[in-house]
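Q: Before anything else, here's the structure in question.
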Amino acid sequence: MAKSNEPFLWALFGAGGMIAALFIPITLLITSVLLMCNVVSAEKLLNLCRNPLVRLYLFVLISLPLFHWAHRFRFTLVDLGLKAIKGPIAILCYGSALAGTVIAAFLLIRIWA
Amino acid sequence: MTTKEYHRPMPALWWLHNSQLILFMIRELTSVFVAGYAVFLIVLISKVNDDRAFKETLHCPTALVFQIIALPFVLFHSVTWFNLTPKAIVLFRGEERVNPLMIAGGHYVLWVLVSGLILLVAV
Amino acid sequence: MMANQTISLEVFRYHPETDEKPRYQTYQVPFHEDWVVLDALNYIKDQVDGTLTYRWSCRMGVCGSCGMMVNGDPKLTCAAFLKSYSGPIRVEPLTNFPVIRDLVINFDDFLHKLKEVKAWMIPKEERPLAQGEYLQTPAELAQFKQYSMCINCMLCYAACPVYGLEPKFLGPAAIALAQRYNLDSRDGAKDERAEIVSSSEGIWECTFVGECTRVCPKHVDPAGAIQQAKVINTQDWWLAFLMPWGKKSS
């Protein structure tokens, strides 16, 4: 049995990194530049957010990248000198990602189509 | 005879030492902008049941400025991520290793395809 | 090229019996098109200052003895040409290791880690001589050949900031060598090594900075070895988690 539970966290980091890499740039463009240039409309985006598949997409796009950030940021803070408190840092980072995941799930479930 | 060895301390700003390390640190910090966008999405979806609030959030100048600043960083995340996939995904065909450029290239193709798909849905 | 051109070397000096702290000593060395930093050091020791202490052996990039920091970058001094540098060349002992004297480092930690990861062949079962040699296909060789090129020069440890920040980290070469044996079809000790390699001081300490691969003179790509080890360990972890009754490793 694997001694360390890092593989689990790394799998989340990897999945989050892949999702973020593939989907965040275009989604960000849609909610900013393309919206400003009227290529997409706010009305359409609002309606899309009521679609169950889009809600699932948004959940994945919120949750996994948050875990990606948590894992990466935790190591970065240690690299920047905070080795002494690496335990609390890990709890804070993964805790925040978990909180974001739960909040997103709650918000997305209560949207009525 | 024991001699005292000299221990050189690691400088606090070790990552400023060369350009590769600086790029590494920037790469790691892109995760902050990735998380930032996720938080923006959380704020956005919290307003779906209120048409006006939703549109206000979308058009909010702070949100737009954050996204414009975040854009190069999330792109840097994507590029560095896809470029590193061949290091983790090692495939062999017999005794020949599949060209790392194919692995990375495959991800770029996938990126273009899914981006096109999302764009079609949103436009 | 003018015959009497010189180049200056700023060399890290430390004699523990007389020095509280290290200092730098500047030497003028003749410039030759085909000289490497090691030639310059040998010139200094032979003609100028016999007290300079450093390691070297093969002078052709296969023994791994002459690793030092040249202008802040870990290099084999037998492979660093004087003509690649403009201005004074600063020569220092490899970073992240204690300095015994001048350019000589204490690398007991590295040797200890090689032992910890069991960087040697441990066959799956006892095989008497009468059974003959192991047969291995070119495809099987290709799986690990790159990682077998390591000459234990430790440039990767000098380049790795994670090792600098956490001396307990196994480090690039030790993990790459563990992979070299794990991926060898003749070896059977992957699970035995996993206890150390897949621990939080093994592969999971690595944040894929990639400096190790950049500085490696034999193109071993230890960073790649570590990432692959992470993938394999993660697959094993999920298999064990989802099917705890099954055989452990993939």
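Ordered as shown in the structure tokens, chains take letters A, B, and onward, while each chain numbers its residues from 1 and ligands are numbered from 1 in the order shown.
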Set the distance at 6 Å and use only C-alpha atoms: which residues neighbour Tyr147 in chain C once local chain neighbours fewer than 2 positions away are removed? I'd like the list as a list of chain:residue names.

A: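 After dropping sequence-adjacent residues, the list is C:Phe144, C:Lys145, C:Met149, C:Ala176, C:Arg180, C:Val220.
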
Q: Write down as a ChimeraX atom specification the residues belonging to range 25-74 of chain C that are assigned strand (DSSP E or B) by DSSP computed on the backbone.

A: /C:25-30,36,67-70,73-74

Q: Taking 2 positions as the minimum chain separation for residues in the same chain, which residues sit within 7 Å of range 43-52 of chain B when counting only C-alpha atoms? Answer as a list in words.

A: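 The residues satisfying every condition are Leu46, Leu107, Leu108 and Ile111 of chain A; Val39, Phe40, Leu41, Phe54, Lys55, Glu56 and Thr57 of chain B.
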
Q: With only C-alpha atoms considered, list every residue of chain C at most 10 Å from chain B, as a count of residues only.

A: 48

Q: Env of Met18 in chain A: 8 Å cut, atoms = only C-alpha atoms, seq-sep filter 4 positions within chain, self excluded. Answer as a PyMOL selection string.

A: (chain A and resi 14+22) or (chain B and resi 81)

Q: Please compute the CA of Cys150 in chain C-CA of Glu92 in chain C distance, one decimal, in Å.

A: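 That distance, rounded to one decimal, is 22.4 Å.
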
Q: Output the contact residues of chain C with respect to chain A at a cut-off of 9 Å, based on only C-alpha atoms, as a short mmCIF file (atom, residue, chain, number, x, y, z; two decimals) with N, CA and C atoms, in the first residue's frame.

A:
```cif
data_model
loop_
_atom_site.label_atom_id
_atom_site.label_comp_id
_atom_site.auth_asym_id
_atom_site.auth_seq_id
_atom_site.Cartn_x
_atom_site.Cartn_y
_atom_site.Cartn_z
N PRO C 161 16.59 23.35 -6.75
CA PRO C 161 16.27 24.20 -5.60
C PRO C 161 15.52 23.43 -4.52
N VAL C 162 14.80 22.38 -4.91
CA VAL C 162 14.08 21.59 -3.91
C VAL C 162 15.07 20.89 -2.99
N LEU C 165 16.47 23.42 -0.64
CA LEU C 165 15.55 23.80 0.44
C LEU C 165 15.28 22.64 1.39
N GLU C 166 15.34 21.41 0.89
CA GLU C 166 15.01 20.23 1.70
C GLU C 166 16.06 19.15 1.47
N ALA C 194 9.78 1.22 -3.87
CA ALA C 194 8.66 2.17 -3.79
C ALA C 194 8.53 2.80 -2.41
N GLU C 195 8.91 2.02 -1.40
CA GLU C 195 8.79 2.53 -0.03
C GLU C 195 9.55 3.85 0.14
N SER C 198 8.62 6.37 -3.51
CA SER C 198 7.29 6.96 -3.55
C SER C 198 6.88 7.59 -2.23
N SER C 199 7.85 7.89 -1.40
CA SER C 199 7.54 8.55 -0.13
C SER C 199 7.47 10.05 -0.35
N SER C 200 7.09 10.77 0.70
CA SER C 200 6.98 12.22 0.55
C SER C 200 8.36 12.88 0.42
N TRP C 204 7.56 12.80 -4.46
CA TRP C 204 6.50 13.76 -4.16
C TRP C 204 7.03 15.08 -3.62
N GLU C 205 8.32 15.16 -3.40
CA GLU C 205 8.90 16.44 -3.00
C GLU C 205 9.16 17.31 -4.24
N THR C 207 8.89 19.46 -7.51
CA THR C 207 7.89 20.35 -8.09
C THR C 207 8.18 20.64 -9.57
N LYS C 230 5.90 9.47 -10.94
CA LYS C 230 4.68 9.99 -10.31
C LYS C 230 3.45 9.36 -10.96
N VAL C 231 3.46 9.28 -12.30
CA VAL C 231 2.31 8.69 -13.01
C VAL C 231 2.13 7.24 -12.60
N ASN C 233 3.25 5.66 -9.92
CA ASN C 233 2.87 5.55 -8.51
C ASN C 233 1.40 5.90 -8.31
N THR C 234 0.92 6.92 -9.07
CA THR C 234 -0.49 7.32 -8.96
C THR C 234 -1.38 6.21 -9.48
N GLN C 235 -1.00 5.60 -10.61
CA GLN C 235 -1.78 4.48 -11.14
C GLN C 235 -1.84 3.35 -10.11
N ASP C 236 -0.68 3.02 -9.52
CA ASP C 236 -0.63 1.95 -8.51
C ASP C 236 -1.52 2.30 -7.33
N TRP C 237 -1.46 3.57 -6.92
CA TRP C 237 -2.25 4.01 -5.76
C TRP C 237 -3.73 3.81 -6.02
N TRP C 238 -4.22 4.24 -7.21
CA TRP C 238 -5.63 4.12 -7.53
C TRP C 238 -6.04 2.66 -7.68
N ALA C 240 -4.66 0.12 -6.11
CA ALA C 240 -4.72 -0.43 -4.75
C ALA C 240 -5.95 0.07 -4.02
N PHE C 241 -6.32 1.31 -4.30
CA PHE C 241 -7.48 1.90 -3.63
C PHE C 241 -8.78 1.27 -4.11
N PRO C 244 -8.36 -3.37 -3.50
CA PRO C 244 -7.34 -3.65 -2.48
C PRO C 244 -6.94 -5.11 -2.40
N LYS C 248 -0.36 -5.73 -6.42
CA LYS C 248 -0.09 -4.34 -6.15
C LYS C 248 0.28 -3.47 -7.34
#
```

Q: Please return, as JSON, numbers by chain, all residues of chain B lying within 6 Å of chain A when only C-alpha atoms are considered.

A: {"B": [31, 35, 38, 42, 46, 64, 78, 111, 115, 123]}

Q: Quick check, in Å to one decimal: how far apart do CA of Val70 in chain C and CA of Cys160 in chain C lie?

A: 15.8 Å

Q: What is the CA of Thr53 in chain C-CA of Val37 in chain C distance in Å, reported with one decimal?

A: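 A separation of 14.2 Å between them.
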
Q: Have a look at C:Glu125, C:Arg186, C:His112, C:Ala130 and name the one nearest to Leu170 in chain C; count only C-alpha atoms.

A: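 Of C:Glu125, C:Arg186, C:His112, C:Ala130, the one nearest Leu170 in chain C is C:His112, counting only C-alpha atoms.
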
Q: Excluding Leu41 in chain C and any residue of its chain fewer than 2 positions from it, enumerate the residues within 12 Å of it, using only C-alpha atoms, and give them as a PyMOL selection string.

A: chain C and resi 8-12+26-30+35-39+43-56+59+66+68+70+77-78+80+82+89-92+102-103

Q: Include N, CA and C atoms and write out the residues we just selected as a compact mmCIF listing (two decimals), in the first residue's frame.

A:
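Produced file part-v4.txt, reproduced below:
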```txt
# COMPACT_ATOMS: atom_id res chain seq x y z
N SER C 8 40.84 35.75 -16.76
CA SER C 8 41.00 35.62 -15.32
C SER C 8 39.94 34.70 -14.73
N LEU C 9 40.38 33.91 -13.77
CA LEU C 9 39.50 32.99 -13.05
C LEU C 9 39.40 33.46 -11.60
N GLU C 10 38.15 33.61 -11.11
CA GLU C 10 37.93 33.91 -9.69
C GLU C 10 37.56 32.60 -9.03
N VAL C 11 38.47 32.11 -8.20
CA VAL C 11 38.26 30.76 -7.67
C VAL C 11 37.93 30.80 -6.18
N PHE C 12 36.92 30.05 -5.79
CA PHE C 12 36.50 29.89 -4.40
C PHE C 12 37.59 29.16 -3.63
N THR C 26 41.83 35.50 -7.40
CA THR C 26 41.82 35.70 -8.85
C THR C 26 43.16 35.28 -9.44
N TYR C 27 43.09 34.49 -10.50
CA TYR C 27 44.30 34.06 -11.20
C TYR C 27 44.19 34.47 -12.66
N GLN C 28 45.36 34.87 -13.25
CA GLN C 28 45.39 35.11 -14.70
C GLN C 28 45.87 33.84 -15.36
N VAL C 29 45.12 33.36 -16.31
CA VAL C 29 45.42 32.08 -16.97
C VAL C 29 45.55 32.35 -18.47
N PRO C 30 46.52 31.71 -19.14
CA PRO C 30 46.62 31.93 -20.60
C PRO C 30 45.36 31.45 -21.28
N TRP C 35 41.08 25.25 -24.70
CA TRP C 35 41.15 24.95 -23.27
C TRP C 35 39.77 24.97 -22.65
N VAL C 36 39.61 24.07 -21.66
CA VAL C 36 38.40 24.08 -20.86
C VAL C 36 38.78 24.58 -19.46
N VAL C 37 37.78 24.82 -18.63
CA VAL C 37 38.02 25.35 -17.28
C VAL C 37 38.95 24.42 -16.51
N LEU C 38 38.82 23.11 -16.72
CA LEU C 38 39.68 22.15 -16.04
C LEU C 38 41.15 22.37 -16.42
N ASP C 39 41.39 22.67 -17.71
CA ASP C 39 42.77 22.97 -18.14
C ASP C 39 43.29 24.18 -17.37
N TYR C 43 46.40 24.31 -14.89
CA TYR C 43 47.48 25.29 -15.09
C TYR C 43 47.79 26.00 -13.79
N ILE C 44 46.71 26.44 -13.10
CA ILE C 44 46.90 27.16 -11.83
C ILE C 44 47.64 26.27 -10.84
N LYS C 45 47.20 25.01 -10.72
CA LYS C 45 47.81 24.13 -9.73
C LYS C 45 49.26 23.81 -10.08
N ASP C 46 49.53 23.61 -11.39
CA ASP C 46 50.89 23.22 -11.79
C ASP C 46 51.86 24.39 -11.77
N GLN C 47 51.37 25.60 -12.19
CA GLN C 47 52.32 26.69 -12.43
C GLN C 47 52.21 27.83 -11.45
N VAL C 48 51.06 28.00 -10.84
CA VAL C 48 50.84 29.23 -10.07
C VAL C 48 50.66 28.97 -8.57
N ASP C 49 49.72 28.08 -8.24
CA ASP C 49 49.34 27.90 -6.84
C ASP C 49 49.03 26.43 -6.58
N GLY C 50 50.03 25.73 -6.06
CA GLY C 50 49.85 24.30 -5.82
C GLY C 50 48.90 23.96 -4.71
N THR C 51 48.45 24.97 -3.94
CA THR C 51 47.56 24.66 -2.82
C THR C 51 46.11 24.49 -3.24
N LEU C 52 45.79 24.80 -4.51
CA LEU C 52 44.40 24.70 -4.97
C LEU C 52 43.98 23.24 -5.03
N THR C 53 42.84 22.93 -4.41
CA THR C 53 42.38 21.54 -4.30
C THR C 53 41.06 21.34 -5.05
N TYR C 54 41.02 20.31 -5.89
CA TYR C 54 39.79 20.05 -6.66
C TYR C 54 39.83 18.61 -7.15
N ARG C 55 38.68 18.12 -7.58
CA ARG C 55 38.61 16.74 -8.09
C ARG C 55 38.52 16.74 -9.61
N TRP C 56 39.18 15.78 -10.22
CA TRP C 56 39.00 15.55 -11.66
C TRP C 56 39.58 14.17 -11.98
N ARG C 59 38.81 13.70 -17.64
CA ARG C 59 38.81 14.94 -18.46
C ARG C 59 38.08 14.80 -19.79
N CYS C 66 34.49 16.08 -12.06
CA CYS C 66 34.95 17.47 -12.08
C CYS C 66 33.81 18.48 -12.05
N MET C 68 31.57 21.44 -11.05
CA MET C 68 31.72 22.65 -10.23
C MET C 68 30.77 23.71 -10.77
N VAL C 70 30.32 27.05 -12.54
CA VAL C 70 31.08 27.96 -13.40
C VAL C 70 30.14 29.13 -13.73
N THR C 77 33.75 20.73 -15.47
CA THR C 77 34.77 21.69 -15.89
C THR C 77 35.57 21.18 -17.08
N CYS C 78 35.51 19.86 -17.33
CA CYS C 78 36.21 19.35 -18.50
C CYS C 78 35.42 19.59 -19.78
N ALA C 80 33.56 22.67 -20.09
CA ALA C 80 33.24 24.10 -20.16
C ALA C 80 34.40 24.83 -20.81
N LEU C 82 36.78 27.72 -22.20
CA LEU C 82 37.11 29.10 -21.83
C LEU C 82 36.51 30.08 -22.82
N ILE C 89 35.91 34.32 -15.13
CA ILE C 89 35.14 33.11 -14.91
C ILE C 89 35.20 32.78 -13.42
N ARG C 90 34.02 32.69 -12.80
CA ARG C 90 33.96 32.38 -11.37
C ARG C 90 33.77 30.88 -11.21
N VAL C 91 34.68 30.26 -10.46
CA VAL C 91 34.61 28.81 -10.26
C VAL C 91 34.37 28.54 -8.78
N GLU C 92 33.30 27.78 -8.49
CA GLU C 92 32.93 27.50 -7.10
C GLU C 92 32.58 26.03 -6.96
N ASP C 102 38.46 24.15 -0.55
CA ASP C 102 38.47 24.76 -1.89
C ASP C 102 37.27 24.30 -2.71
N LEU C 103 37.51 23.55 -3.79
CA LEU C 103 36.42 23.18 -4.70
C LEU C 103 35.91 21.77 -4.45
```

Q: Taking the DSSP secondary structure from the backbone, can you list the residues of chain A that are alpha helix (DSSP H), as a PyMOL selection string?

A: chain A and resi 6-31+33-36+42-48+52-79+86-109

Q: I'd like the neighbourhood of Met154 in chain C as a ChimeraX atom specification, where a residue qualifies if any of its atoms comes within 8 Å (using only C-alpha atoms), though same-chain residues fewer than 3 positions away should be ignored.

A: /C:64,67,110,157-158,173
